Structure formats: C-alpha cells, structure tokens
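So this block is upload-v8.cif, mmCIF, C-alpha atoms:
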data_data
#
loop_
_atom_site.label_atom_id
_atom_site.label_comp_id
_atom_site.auth_asym_id
_atom_site.auth_seq_id
_atom_site.Cartn_x
_atom_site.Cartn_y
_atom_site.Cartn_z
CA MET A 14 -9.27 -4.27 7.79
CA VAL A 15 -6.86 -1.45 6.99
CA ASN A 16 -4.85 -0.13 9.93
CA LEU A 17 -5.03 3.67 9.74
CA ILE A 18 -1.97 4.12 11.94
CA ALA A 19 1.32 4.53 10.14
CA ASN A 20 4.40 3.02 11.79
CA SER A 21 2.00 1.36 14.21
CA GLY A 22 4.67 -0.83 15.78
CA PHE A 23 7.50 1.74 15.92
CA GLU A 24 9.48 -0.26 13.39
CA GLN A 25 10.65 2.68 11.29
CA ASP A 26 12.81 5.65 12.21
CA PRO A 27 12.33 8.44 12.91
CA ILE A 28 9.55 7.81 15.40
CA THR A 29 9.05 11.26 16.87
CA VAL A 30 9.53 13.56 13.90
CA GLU A 31 6.48 15.35 12.55
CA GLN A 32 5.60 13.30 9.50
CA ASP A 33 3.42 10.33 8.74
CA GLY A 34 4.00 7.88 11.51
CA PHE A 35 4.80 10.59 14.05
CA TRP A 36 4.46 9.54 17.66
CA PHE A 37 4.69 11.70 20.74
CA LEU A 38 6.36 10.34 23.86
CA ASN A 39 5.36 12.93 26.42
CA ILE A 40 5.54 13.63 30.11
CA TRP A 41 2.53 15.70 31.11
CA GLY A 42 2.90 17.36 34.50
CA THR A 43 5.39 19.21 36.61
CA GLY A 44 7.84 18.15 39.27
CA THR A 45 10.79 15.81 39.26
CA VAL A 46 10.81 12.32 37.82
CA VAL A 47 13.66 9.82 37.57
CA PRO A 48 14.82 9.21 34.94
CA ALA A 49 14.06 12.56 33.37
CA GLN A 50 13.50 10.78 30.03
CA PRO A 51 11.62 7.57 30.84
CA PHE A 52 10.92 6.53 27.22
CA SER A 53 13.12 4.27 25.12
CA ILE A 54 12.93 1.97 22.12
CA GLU A 55 12.70 -1.62 23.31
CA THR A 56 14.18 -4.35 21.15
CA ALA A 57 14.43 -7.32 23.52
CA ASP A 58 10.83 -7.56 24.70
CA VAL A 59 8.35 -6.84 21.93
CA TYR A 60 4.88 -8.03 20.95
CA GLU A 61 5.63 -8.24 17.23
CA GLY A 62 8.26 -7.03 14.82
CA ALA A 63 11.57 -5.83 16.19
CA ARG A 64 10.66 -2.87 18.36
CA ALA A 65 8.29 -1.56 21.00
CA ILE A 66 8.25 1.51 23.24
CA ARG A 67 9.18 1.21 26.89
CA CYS A 68 8.28 3.71 29.60
CA HIS A 69 10.37 3.14 32.71
CA VAL A 70 9.77 5.30 35.80
CA GLU A 71 12.02 4.68 38.78
CA SER A 72 10.75 7.37 41.10
CA ILE A 73 8.66 10.51 41.26
CA LEU A 74 10.37 12.87 43.66
CA GLU A 75 7.71 15.57 43.53
CA GLY A 76 4.72 16.61 41.46
CA TYR A 77 2.22 14.63 39.39
CA PHE A 78 2.90 13.13 36.01
CA GLN A 79 1.23 11.34 33.17
CA PHE A 80 3.50 9.32 30.90
CA VAL A 81 2.02 9.31 27.42
CA VAL A 82 2.58 7.47 24.13
CA GLY A 83 0.32 8.73 21.40
CA SER A 84 -0.09 10.12 17.93
CA PHE A 85 -2.02 12.63 15.87
CA LYS A 86 -1.13 11.08 12.58
CA VAL A 87 -4.25 9.43 11.33
CA SER A 88 -5.46 10.51 7.94
CA ALA A 89 -8.25 13.01 8.57
CA THR A 90 -9.98 11.88 5.40
CA ALA A 91 -10.02 8.33 6.71
CA LEU A 92 -11.99 9.33 9.80
CA VAL A 93 -15.35 9.46 8.10
CA PRO A 94 -17.96 11.48 10.01
CA GLY A 95 -20.64 9.26 11.47
CA GLN A 96 -18.58 6.11 11.00
CA GLU A 97 -17.56 3.82 13.84
CA PHE A 98 -13.90 3.01 14.45
CA GLN A 99 -11.98 0.91 16.93
CA LEU A 100 -8.58 1.26 18.55
CA ARG A 101 -6.46 -1.22 20.45
CA LEU A 102 -2.82 -1.97 21.21
CA ALA A 103 -0.61 -4.65 22.64
CA TYR A 104 0.82 -3.86 26.06
CA LYS A 105 2.73 -5.31 28.96
CA SER A 106 2.74 -3.26 32.14
CA THR A 107 3.39 -3.31 35.86
CA VAL A 108 1.03 -0.33 36.21
CA PRO A 109 -2.54 0.34 35.09
CA LEU A 110 -2.93 2.26 31.85
CA THR A 111 -5.61 4.30 30.14
CA LEU A 112 -6.28 4.27 26.39
CA THR A 113 -7.90 7.44 25.06
CA VAL A 114 -9.16 8.96 21.82
CA GLN A 115 -9.90 12.65 21.56
CA GLY A 116 -11.10 14.90 18.78
CA SER A 117 -12.35 18.40 18.18
CA LEU A 118 -13.76 20.67 15.50
CA ALA A 119 -12.91 24.37 15.39
CA GLY A 120 -11.47 24.19 18.87
CA THR A 121 -14.50 22.54 20.46
CA SER A 122 -14.03 19.06 21.84
CA ASN A 123 -16.58 16.68 20.37
CA LEU A 124 -14.93 13.32 20.98
CA SER A 125 -13.36 11.96 24.16
CA GLN A 126 -13.47 8.31 25.14
CA SER A 127 -11.23 6.13 27.28
CA ILE A 128 -10.91 2.62 28.59
CA ASP A 129 -8.81 1.48 31.53
CA LEU A 130 -6.28 -1.28 31.02
CA PRO A 131 -5.25 -3.34 34.04
CA ALA A 132 -1.60 -4.16 34.68
CA SER A 133 -0.46 -7.27 32.85
CA THR A 134 2.78 -9.17 33.35
CA VAL A 135 2.54 -10.69 29.89
CA TRP A 136 1.93 -9.11 26.50
CA THR A 137 -1.79 -8.57 26.13
CA LEU A 138 -4.01 -7.27 23.37
CA SER A 139 -6.19 -4.59 24.88
CA PRO A 140 -9.94 -4.64 24.32
CA TRP A 141 -11.12 -2.51 21.44
CA LEU A 142 -11.92 1.09 22.32
CA THR A 143 -14.86 1.70 20.00
CA PHE A 144 -15.90 5.22 19.08
CA THR A 145 -17.91 7.07 16.45
CA ILE A 146 -16.63 10.11 14.61
CA PRO A 147 -19.13 12.95 15.20
CA THR A 148 -21.34 13.66 12.21
CA GLU A 149 -20.01 17.23 12.04
CA GLY A 150 -16.51 15.79 11.61
CA LEU A 151 -13.14 16.54 13.19
CA ASP A 152 -10.27 18.83 12.37
CA TRP A 153 -8.08 17.51 15.16
CA PHE A 154 -7.68 13.97 16.49
CA GLN A 155 -5.30 12.17 18.75
CA PHE A 156 -5.06 8.87 20.56
CA TYR A 157 -2.76 7.87 23.35
CA VAL A 158 -2.05 5.44 26.16
CA LEU A 159 -0.84 6.78 29.49
CA SER A 160 0.03 5.83 33.03
CA ASN A 161 -1.14 8.11 35.81
CA ASN A 162 1.71 9.05 38.15
CA GLN A 163 2.77 5.43 38.46
CA ILE A 164 6.20 4.06 39.30
CA GLY A 165 7.00 1.06 37.13
CA ASP A 166 7.31 -0.06 33.56
CA TYR A 167 5.04 -0.32 30.61
CA LEU A 168 5.65 -1.52 27.08
CA VAL A 169 3.40 -0.77 24.11
CA ASP A 170 3.39 -2.11 20.57
CA ALA A 171 1.16 -2.89 17.61
CA PHE A 172 -1.44 -0.12 17.74
CA GLU A 173 -4.42 -0.75 15.47
CA LEU A 174 -7.05 1.74 14.39
CA THR A 175 -9.62 0.37 11.98
CA SER A 176 -13.10 1.06 10.76
CA THR A 177 -15.73 -1.34 12.04
CA VAL A 178 -17.50 -1.03 8.71
CA ALA A 179 -16.57 -3.81 6.36
CA PRO A 180 -15.05 -2.26 3.24
CA ILE A 181 -16.91 -2.46 -0.05
CA THR A 182 -14.89 -4.46 -2.51
CA HIS A 183 -15.01 -4.69 -6.27
CA ILE A 184 -14.07 -7.55 -8.55
CA VAL A 185 -11.41 -6.68 -11.07
CA THR A 186 -10.99 -9.17 -13.88
CA LEU A 187 -7.48 -9.26 -15.28
CA ASP A 188 -7.39 -10.48 -18.84
CA SER A 189 -5.02 -10.36 -21.76
CA SER A 190 -4.97 -10.53 -25.51
CA PRO A 191 -3.81 -13.11 -26.37
CA THR A 192 -5.13 -14.91 -23.29
CA GLY A 193 -2.89 -16.75 -20.87
CA VAL A 194 -0.42 -13.96 -20.08
CA ALA A 195 1.19 -14.38 -16.65
CA TYR A 196 0.76 -11.08 -14.81
CA THR A 197 3.69 -10.14 -12.58
CA SER A 198 1.47 -7.83 -10.52
CA PRO A 199 -0.90 -8.99 -9.20
CA ILE A 200 0.41 -12.50 -9.77
CA GLY A 201 -1.87 -14.69 -11.83
CA VAL A 202 -2.51 -16.06 -15.29
CA ALA A 203 -5.10 -14.21 -17.34
CA PRO A 204 -8.01 -14.33 -17.08
CA PHE A 205 -8.22 -14.17 -13.30
CA THR A 206 -9.90 -11.93 -10.73
CA VAL A 207 -8.85 -9.97 -7.66
CA ASN A 208 -10.88 -8.14 -5.04
CA VAL A 209 -10.08 -4.45 -4.62
CA ASP A 210 -11.33 -2.25 -1.79
CA ASP A 211 -13.58 0.58 -2.92
CA GLY A 212 -11.63 3.74 -3.66
CA THR A 213 -8.24 2.09 -3.73
CA SER A 214 -6.01 1.58 -6.75
CA LEU A 215 -4.51 -1.54 -8.23
CA ALA A 216 -0.96 -1.75 -9.57
CA VAL A 217 -0.73 -3.96 -12.65
CA GLN A 218 2.24 -5.19 -14.60
CA VAL A 219 2.79 -7.71 -17.37
CA PRO A 220 5.90 -8.89 -19.21
CA SER A 221 6.94 -6.59 -22.03
CA GLU A 222 7.29 -9.58 -24.35
CA ILE A 223 5.70 -13.01 -24.41
CA GLU A 224 5.82 -16.06 -26.65
CA VAL A 225 2.62 -17.85 -27.49
CA MET B 30 5.62 -20.06 -31.15
CA ALA B 31 5.39 -16.38 -31.96
CA LYS B 32 6.68 -13.43 -30.02
CA TYR B 33 4.23 -10.76 -28.87
CA VAL B 34 5.04 -7.28 -27.55
CA PHE B 35 2.96 -5.47 -24.96
CA ASP B 36 1.04 -2.64 -26.61
CA HIS B 37 -1.52 -1.10 -24.23
CA TRP B 38 -4.01 -1.55 -21.40
CA GLU B 39 -7.75 -1.57 -21.81
CA VAL B 40 -10.20 -0.92 -18.99
CA ASN B 41 -13.69 -2.07 -19.90
CA GLY B 42 -12.62 -2.00 -23.54
CA VAL B 43 -11.16 1.51 -23.48
CA ASN B 44 -7.47 2.08 -24.24
CA VAL B 45 -5.94 3.70 -21.15
CA GLY B 46 -2.31 3.86 -22.21
CA SER B 47 0.82 1.84 -22.58
CA ALA B 48 2.73 2.46 -19.32
CA ASN B 49 3.84 -0.84 -17.83
CA PRO B 50 3.59 -1.11 -14.86
CA THR B 51 0.66 1.18 -14.33
CA THR B 52 -1.97 1.90 -11.70
CA ILE B 53 -5.66 1.32 -12.24
CA GLY B 54 -8.05 3.33 -10.11
CA PRO B 55 -9.31 4.48 -7.74
CA VAL B 56 -11.56 1.50 -8.29
CA THR B 57 -15.22 2.27 -7.60
CA THR B 58 -16.94 -0.49 -9.55
CA ASP B 59 -16.33 -3.95 -10.93
CA LEU B 60 -14.22 -3.73 -14.06
CA THR B 61 -12.09 -5.65 -16.51
CA VAL B 62 -8.47 -4.83 -17.20
CA LYS B 63 -6.91 -6.30 -20.32
CA ALA B 64 -3.25 -6.33 -21.29
CA VAL B 65 -3.20 -6.13 -25.08
CA TYR B 66 -0.24 -7.46 -27.01
CA THR B 67 0.57 -7.21 -30.67
CA ILE B 68 2.59 -9.77 -32.54
CA ALA B 69 6.24 -8.78 -32.92
CA THR B 70 7.38 -7.88 -36.41
CA HIS B 71 10.73 -7.95 -38.16
CA THR B 72 12.06 -6.01 -41.09
CA VAL B 73 13.48 -8.09 -43.93
CA SER B 74 15.68 -6.25 -46.41
CA LEU B 75 15.60 -7.66 -49.93
CA ASP B 76 18.59 -6.93 -52.07
CA SER B 77 20.36 -8.37 -55.07
CA SER B 78 23.72 -8.49 -56.71
CA PRO B 79 23.91 -6.91 -59.11
CA SER B 80 21.50 -4.47 -57.56
CA GLY B 81 18.21 -3.55 -59.12
CA VAL B 82 16.85 -7.02 -59.82
CA ALA B 83 13.06 -6.86 -59.83
CA TYR B 84 11.76 -9.47 -57.39
CA VAL B 85 8.83 -11.51 -58.61
CA ASN B 86 7.80 -12.33 -55.06
CA PRO B 87 7.45 -10.19 -53.09
CA VAL B 88 7.16 -7.65 -55.84
CA GLY B 89 9.75 -4.92 -55.61
CA THR B 90 13.00 -3.61 -56.87
CA PRO B 91 15.96 -3.94 -54.52
CA PRO B 92 16.95 -2.71 -52.21
CA PHE B 93 13.55 -2.74 -50.52
CA THR B 94 12.10 -3.94 -47.24
CA ILE B 95 9.06 -5.84 -46.10
CA THR B 96 7.65 -6.37 -42.63
CA VAL B 97 7.20 -9.95 -41.46
CA GLN B 98 5.41 -11.16 -38.35
CA ASP B 99 7.50 -13.08 -35.86
CA GLY B 100 7.53 -16.76 -36.66
CA GLN B 101 6.25 -16.38 -40.20
CA SER B 102 8.04 -17.57 -43.32
CA ILE B 103 8.31 -15.58 -46.50
CA SER B 104 8.51 -16.75 -50.05
CA VAL B 105 11.01 -15.07 -52.29
CA GLN B 106 11.42 -15.38 -56.02
CA VAL B 107 13.57 -13.63 -58.55
CA PRO B 108 13.84 -14.03 -62.37
CA HIS B 109 15.96 -16.95 -63.43
CA GLU B 110 17.91 -14.72 -65.78
CA ILE B 111 18.38 -11.01 -66.00
CA GLU B 112 20.09 -8.59 -68.30
CA VAL B 113 21.81 -5.63 -66.78
#

Could you write out this structure as structure tokens?
Amino acid sequence: MVNLIANSGFEQDPITVEQDGFWFLNIWGTGTVVPAQPFSIETADVYEGARAIRCHVESILEGYFQFVVGSFKVSATALVPGQEFQLRLAYKSTVPLTLTVQGSLAGTSNLSQSIDLPASTVWTLSPWLTFTIPTEGLDWFQFYVLSNNQIGDYLVDAFELTSTVAPITHIVTLDSSPTGVAYTSPIGVAPFTVNVDDGTSLAVQVPSEIEV
Amino acid sequence: MAKYVFDHWEVNGVNVGSANPTTIGPVTTDLTVKAVYTIATHTVSLDSSPSGVAYVNPVGTPPFTITVQDGQSISVQVPHEIEV
C-alpha cells in the first residue's frame, strides 16, 4: 500500500519548511517549559532509517502544554471522499500519547478522530487509527501525535497513512520487436509483464542498440 | 548477428514516440508496450580509379552509394576492361 506521507521518517532535510514533507513540531499552550525547545532530531535511537524526532520535556514551570508532532502535507487528491484510510506510527515514550486526524471543509470541521497510545519503553508500532474521509470531501487535513502536559520523553518515527482499499492494478505486457530485448526499466527480458497500480505511470527504457 | 537500433514505442500497436526512456501512463487498463527496433544500416560508397567506371553490380556510375543492412554482404562487379 502506498504511504501518502512524504518524508514519513524524517530522513530528509528540511523537515519543518513548508513543502512536501513538511512537519510541524509545535508547543500548544502558554506558560514556561524547560527546555523552551523540546524537539530535536534523534539519530541514536530510531525505529527505522537514520532519524526520528525526540520530544524531551524536563519541567513545566507554569501553564499547560501540548507537545505536538504533525503534518498537513498529505495530497488532498489522495484523500478520496468516502474512502477509508488508516494512520499509524512507531513510537517509544515515557508518557502517554494521543494520535489524531482532523479535517474540515470551508471552515467547518467534519473529521476528528483520536486514539490513545500508552507509554512504551520500547519502540512500538501503534494500532491503526482508521477513519473515513467525509463524502463531501476536505479542503484542510492534518494529523499529529501529542503528549498532554507530560514531563518526559517521546520518540516518533515511521508514520504511515494508507488507504484501506486495495489498489486496482493493471497488467502491462512489455514486448519488443525483435523479441528478447532486455529492458533496463523495468528489468526483464521481453516479453514479460508487470503490475501497475491504476492511475500511476510506468517508466520504461531499453538499450539504444542491440545485437540479435 | 545483426545490430538493431531502437526506433519507437508502441502502446497497443500505436506509435507513441521515440523518447527513450519514456513514461507510459497514467495506466488505467491492461495494455501492451512494445519497443520497436529497426536493423542498423551502413552506407557503402562505391568508387573507381579511374573514376566513372559503370558498375555492373550494383548498377551505378561511381562515385555512388548504396545502403546495406548491418551484417549483410554485398556483391560487387565491374567490367573486366574499360576504355576511358
């Protein structure tokens, strides 16, 4: 299944610039928290790849805070109205977390679902948070994980957002004249077949010269 | 062995161009993609000394050229004697 989240494991820089793969690392609330910037890129303790995001809160001196890792950057065209999707992540946390999806159309909220994630001292794949895009569609969508005014650490990595609907695939037969040409993309000797998801494209390449 | 040169792509029998690599799609149905090659050709120049000898095979008066497919042989023949 295709993961609709770009830069889903924080592997590419920049992480928090507004472009595909944009993540927000936010502190929602007012008061005084130590450190003032609790988020960092973690490279020593990750679920997969080379990086994760760490949120480290030493103390909350006053006020109430939510410490949030989330993103808006899911292709709006991919969130098909009426279709069911699922979201999960890998996490390791000394504090309980909440995973949330939210959406709206013309300023009116029409999607809001959450699941609670218990603290876990080892990397854990969260359960899927399953939700259905409203039939009227969305013009705004975000998902995030947060801790509620908790002192401690959490690490997040490997977000996945996928459709629960199995994609329709088509059989593409790759042939040549004369037969027997070794394609360089996709790799195979003609004639051979590949499966292609509906609506996607296929890059093809063959040698410019052959000897038969 | 003969050398072939890539010529064009066909999708379900229709010529869709000669870019290589290229992108097929968006794919919305089963289909067949075919890479079509043509046999490579070479230009053979036929000349004579003195110039102007009419070749018997292939027929022509030098200097002239013929196109030969890669790997093929050609037969050449000129008059045994000429007067210039």

Could you tell me which residues the PyMOL selection byres ((chain A) within 8 of (chain B)) grabs in this file, written as a list of chain:residue names?
A:His183, A:Ile184, A:Val185, A:Thr186, A:Leu187, A:Asp188, A:Ser189, A:Ser190, A:Pro191, A:Val209, A:Asp210, A:Asp211, A:Gly212, A:Thr213, A:Ser214, A:Leu215, A:Ala216, A:Val217, A:Gln218, A:Val219, A:Pro220, A:Ser221, A:Glu222, A:Ile223, A:Glu224, A:Val225

Contacts of Ala83 of chain B at 12 Å or less, counting all atoms listed in the file, minus same-chain residues fewer than 5 places along, as a PyMOL selection string?
chain B and resi 75-78+88-93+105-113

Close residues, Thr94 of chain B itself excluded, 7 Å, only C-alpha atoms, min 2 positions apart in chain, as a PyMOL selection string:
chain B and resi 72-75+96

Would you pick out the contacts of Thr175 of chain A at 9 Å or less, using only C-alpha atoms, so that residues sharing its chain but fewer than 5 positions from it are not included, and give the list as a VMD selection string?
chain A and resid 14 to 18 97 to 100

Determine the nearest neighbour of Trp36 of chain A from the options A:Gln155, A:Ser122, A:Thr182, A:Asn208, counting all atoms listed in the file.
A:Gln155

Have a look at atom CA of Ala179 of chain A and atom CA of Phe23 of chain A and let me know their distance in Å, one decimal.
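These atoms are spaced 26.5 Å apart.
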
Length of the atom CA of Thr143 of chain A to atom CA of Asn123 of chain A vector [Å]:
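Between atom CA of Thr143 of chain A and atom CA of Asn123 of chain A the gap is 15.1 Å.
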
In Å, how far is it from atom CA of Asn20 of chain A to atom CA of Glu55 of chain A?
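Distance between the two atoms: 14.9 Å.
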
On this file, the PyMOL selection byres ((chain A and resi 79) around 10) gives some set of residues; write that set as a compact mmCIF listing (two decimals) with C-alpha atoms, in the coordinates of the input.
# COMPACT_ATOMS: atom_id res chain seq x y z
CA ASN A 39 5.36 12.93 26.42
CA ILE A 40 5.54 13.63 30.11
CA TRP A 41 2.53 15.70 31.11
CA GLY A 42 2.90 17.36 34.50
CA THR A 43 5.39 19.21 36.61
CA TYR A 77 2.22 14.63 39.39
CA PHE A 78 2.90 13.13 36.01
CA PHE A 80 3.50 9.32 30.90
CA VAL A 81 2.02 9.31 27.42
CA VAL A 82 2.58 7.47 24.13
CA VAL A 158 -2.05 5.44 26.16
CA LEU A 159 -0.84 6.78 29.49
CA SER A 160 0.03 5.83 33.03
CA ASN A 161 -1.14 8.11 35.81
CA ASN A 162 1.71 9.05 38.15
CA GLN A 163 2.77 5.43 38.46

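Nearest to Thr111 of chain A of all the residues A:Phe52, A:Tyr157, A:Trp141, A:Phe205 is A:Tyr157, based on all atoms listed in the file.
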
Picked residues, the PyMOL selection byres ((chain A and resi 84) around 6), as a list in words
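Checked against the file, the PyMOL selection byres ((chain A and resi 84) around 6) matches Trp36, Phe37, Gly83, Phe85, Lys86, Gln155 and Phe156 of chain A.
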
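Every protein, DNA or RNA residue with an atom at most 8 Å from Ala132 of chain A, where only C-alpha atoms count and chain neighbours fewer than 5 positions away do not, is listed here: Lys105, Ser106, Thr107, Val108, Pro109 and Leu110 of chain A.
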
Looking at A:Leu168, A:Gly22, A:Pro199, A:Thr121, which one is nearest to Phe35 of chain A, with distances taken over all atoms listed in the file?
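Going through A:Leu168, A:Gly22, A:Pro199, A:Thr121 one by one, the smallest distance to Phe35 of chain A is for A:Gly22.
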
Give as a compact mmCIF listing (two decimals) with C-alpha atoms, in the frame of the given file each residue that has an atom at most 7 Å from (-16.9, 10.4, 17.8) in the file, counting all atoms listed in the file.
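The resulting file, point-v1.txt, is shown below:
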# COMPACT_ATOMS: atom_id res chain seq x y z
CA ASN A 123 -16.58 16.68 20.37
CA LEU A 124 -14.93 13.32 20.98
CA PHE A 144 -15.90 5.22 19.08
CA THR A 145 -17.91 7.07 16.45
CA ILE A 146 -16.63 10.11 14.61
CA PRO A 147 -19.13 12.95 15.20

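Protein, DNA and RNA residues at most 12 Å from (10.6, 12.3, 49.1), with all atoms listed in the file, are these: Gly44, Thr45, Val46, Ser72, Ile73, Leu74, Glu75 and Gly76 of chain A.
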
Output segment 108-138 of chain A as an mmCIF file, in the frame of the given file, making sure N, CA and C atoms are there.
data_model
loop_
_atom_site.group_PDB
_atom_site.id
_atom_site.type_symbol
_atom_site.label_atom_id
_atom_site.label_comp_id
_atom_site.auth_asym_id
_atom_site.auth_seq_id
_atom_site.Cartn_x
_atom_site.Cartn_y
_atom_site.Cartn_z
ATOM 1 N N VAL A 108 1.919 -1.380 35.688
ATOM 2 C CA VAL A 108 1.030 -0.330 36.210
ATOM 3 C C VAL A 108 -0.232 -0.284 35.352
ATOM 4 N N PRO A 109 -1.342 0.182 35.917
ATOM 5 C CA PRO A 109 -2.540 0.340 35.090
ATOM 6 C C PRO A 109 -2.364 1.460 34.074
ATOM 7 N N LEU A 110 -3.036 1.293 32.942
ATOM 8 C CA LEU A 110 -2.930 2.260 31.850
ATOM 9 C C LEU A 110 -4.334 2.731 31.441
ATOM 10 N N THR A 111 -4.352 3.802 30.710
ATOM 11 C CA THR A 111 -5.610 4.300 30.140
ATOM 12 C C THR A 111 -5.387 4.552 28.652
ATOM 13 N N LEU A 112 -6.325 4.048 27.848
ATOM 14 C CA LEU A 112 -6.280 4.270 26.390
ATOM 15 C C LEU A 112 -7.362 5.274 26.037
ATOM 16 N N THR A 113 -6.987 6.305 25.304
ATOM 17 C CA THR A 113 -7.900 7.440 25.060
ATOM 18 C C THR A 113 -7.891 7.844 23.602
ATOM 19 N N VAL A 114 -9.067 8.242 23.107
ATOM 20 C CA VAL A 114 -9.160 8.960 21.820
ATOM 21 C C VAL A 114 -9.818 10.301 22.098
ATOM 22 N N GLN A 115 -9.337 11.316 21.410
ATOM 23 C CA GLN A 115 -9.900 12.650 21.560
ATOM 24 C C GLN A 115 -9.958 13.323 20.197
ATOM 25 N N GLY A 116 -10.995 14.143 20.016
ATOM 26 C CA GLY A 116 -11.100 14.900 18.780
ATOM 27 C C GLY A 116 -11.829 16.201 19.008
ATOM 28 N N SER A 117 -11.652 17.119 18.067
ATOM 29 C CA SER A 117 -12.350 18.400 18.180
ATOM 30 C C SER A 117 -12.582 18.968 16.789
ATOM 31 N N LEU A 118 -13.481 19.939 16.736
ATOM 32 C CA LEU A 118 -13.760 20.670 15.500
ATOM 33 C C LEU A 118 -13.807 22.148 15.850
ATOM 34 N N ALA A 119 -12.977 22.918 15.170
ATOM 35 C CA ALA A 119 -12.910 24.370 15.390
ATOM 36 C C ALA A 119 -12.680 24.694 16.870
ATOM 37 N N GLY A 120 -11.845 23.904 17.494
ATOM 38 C CA GLY A 120 -11.470 24.190 18.870
ATOM 39 C C GLY A 120 -12.431 23.668 19.917
ATOM 40 N N THR A 121 -13.523 23.073 19.506
ATOM 41 C CA THR A 121 -14.500 22.540 20.460
ATOM 42 C C THR A 121 -14.396 21.023 20.498
ATOM 43 N N SER A 122 -14.149 20.502 21.689
ATOM 44 C CA SER A 122 -14.030 19.060 21.840
ATOM 45 C C SER A 122 -15.362 18.385 21.538
ATOM 46 N N ASN A 123 -15.335 17.409 20.658
ATOM 47 C CA ASN A 123 -16.580 16.680 20.370
ATOM 48 C C ASN A 123 -16.362 15.168 20.378
ATOM 49 N N LEU A 124 -15.190 14.751 20.840
ATOM 50 C CA LEU A 124 -14.930 13.320 20.980
ATOM 51 C C LEU A 124 -13.938 13.128 22.111
ATOM 52 N N SER A 125 -14.283 12.315 23.089
ATOM 53 C CA SER A 125 -13.360 11.960 24.160
ATOM 54 C C SER A 125 -13.855 10.674 24.798
ATOM 55 N N GLN A 126 -13.096 9.602 24.577
ATOM 56 C CA GLN A 126 -13.470 8.310 25.140
ATOM 57 C C GLN A 126 -12.219 7.594 25.629
ATOM 58 N N SER A 127 -12.371 6.849 26.701
ATOM 59 C CA SER A 127 -11.230 6.130 27.280
ATOM 60 C C SER A 127 -11.669 4.771 27.776
ATOM 61 N N ILE A 128 -10.709 3.871 27.859
ATOM 62 C CA ILE A 128 -10.910 2.620 28.590
ATOM 63 C C ILE A 128 -9.676 2.400 29.466
ATOM 64 N N ASP A 129 -9.906 1.793 30.625
ATOM 65 C CA ASP A 129 -8.810 1.480 31.530
ATOM 66 C C ASP A 129 -8.263 0.102 31.212
ATOM 67 N N LEU A 130 -6.949 -0.008 31.284
ATOM 68 C CA LEU A 130 -6.280 -1.280 31.020
ATOM 69 C C LEU A 130 -5.574 -1.720 32.282
ATOM 70 N N PRO A 131 -5.909 -2.882 32.819
ATOM 71 C CA PRO A 131 -5.250 -3.340 34.040
ATOM 72 C C PRO A 131 -3.802 -3.728 33.767
ATOM 73 N N ALA A 132 -2.990 -3.699 34.822
ATOM 74 C CA ALA A 132 -1.600 -4.160 34.680
ATOM 75 C C ALA A 132 -1.598 -5.593 34.178
ATOM 76 N N SER A 133 -0.576 -5.918 33.394
ATOM 77 C CA SER A 133 -0.460 -7.270 32.850
ATOM 78 C C SER A 133 1.017 -7.637 32.774
ATOM 79 N N THR A 134 1.367 -8.772 33.341
ATOM 80 C CA THR A 134 2.780 -9.170 33.350
ATOM 81 C C THR A 134 3.199 -9.843 32.055
ATOM 82 N N VAL A 135 2.227 -10.111 31.197
ATOM 83 C CA VAL A 135 2.540 -10.690 29.890
ATOM 84 C C VAL A 135 1.944 -9.778 28.819
ATOM 85 N N TRP A 136 2.482 -9.908 27.604
ATOM 86 C CA TRP A 136 1.930 -9.110 26.500
ATOM 87 C C TRP A 136 0.459 -9.442 26.307
ATOM 88 N N THR A 137 -0.343 -8.415 26.214
ATOM 89 C CA THR A 137 -1.790 -8.570 26.130
ATOM 90 C C THR A 137 -2.337 -7.645 25.049
ATOM 91 N N LEU A 138 -3.284 -8.147 24.283
ATOM 92 C CA LEU A 138 -4.010 -7.270 23.370
ATOM 93 C C LEU A 138 -5.128 -6.608 24.162
#
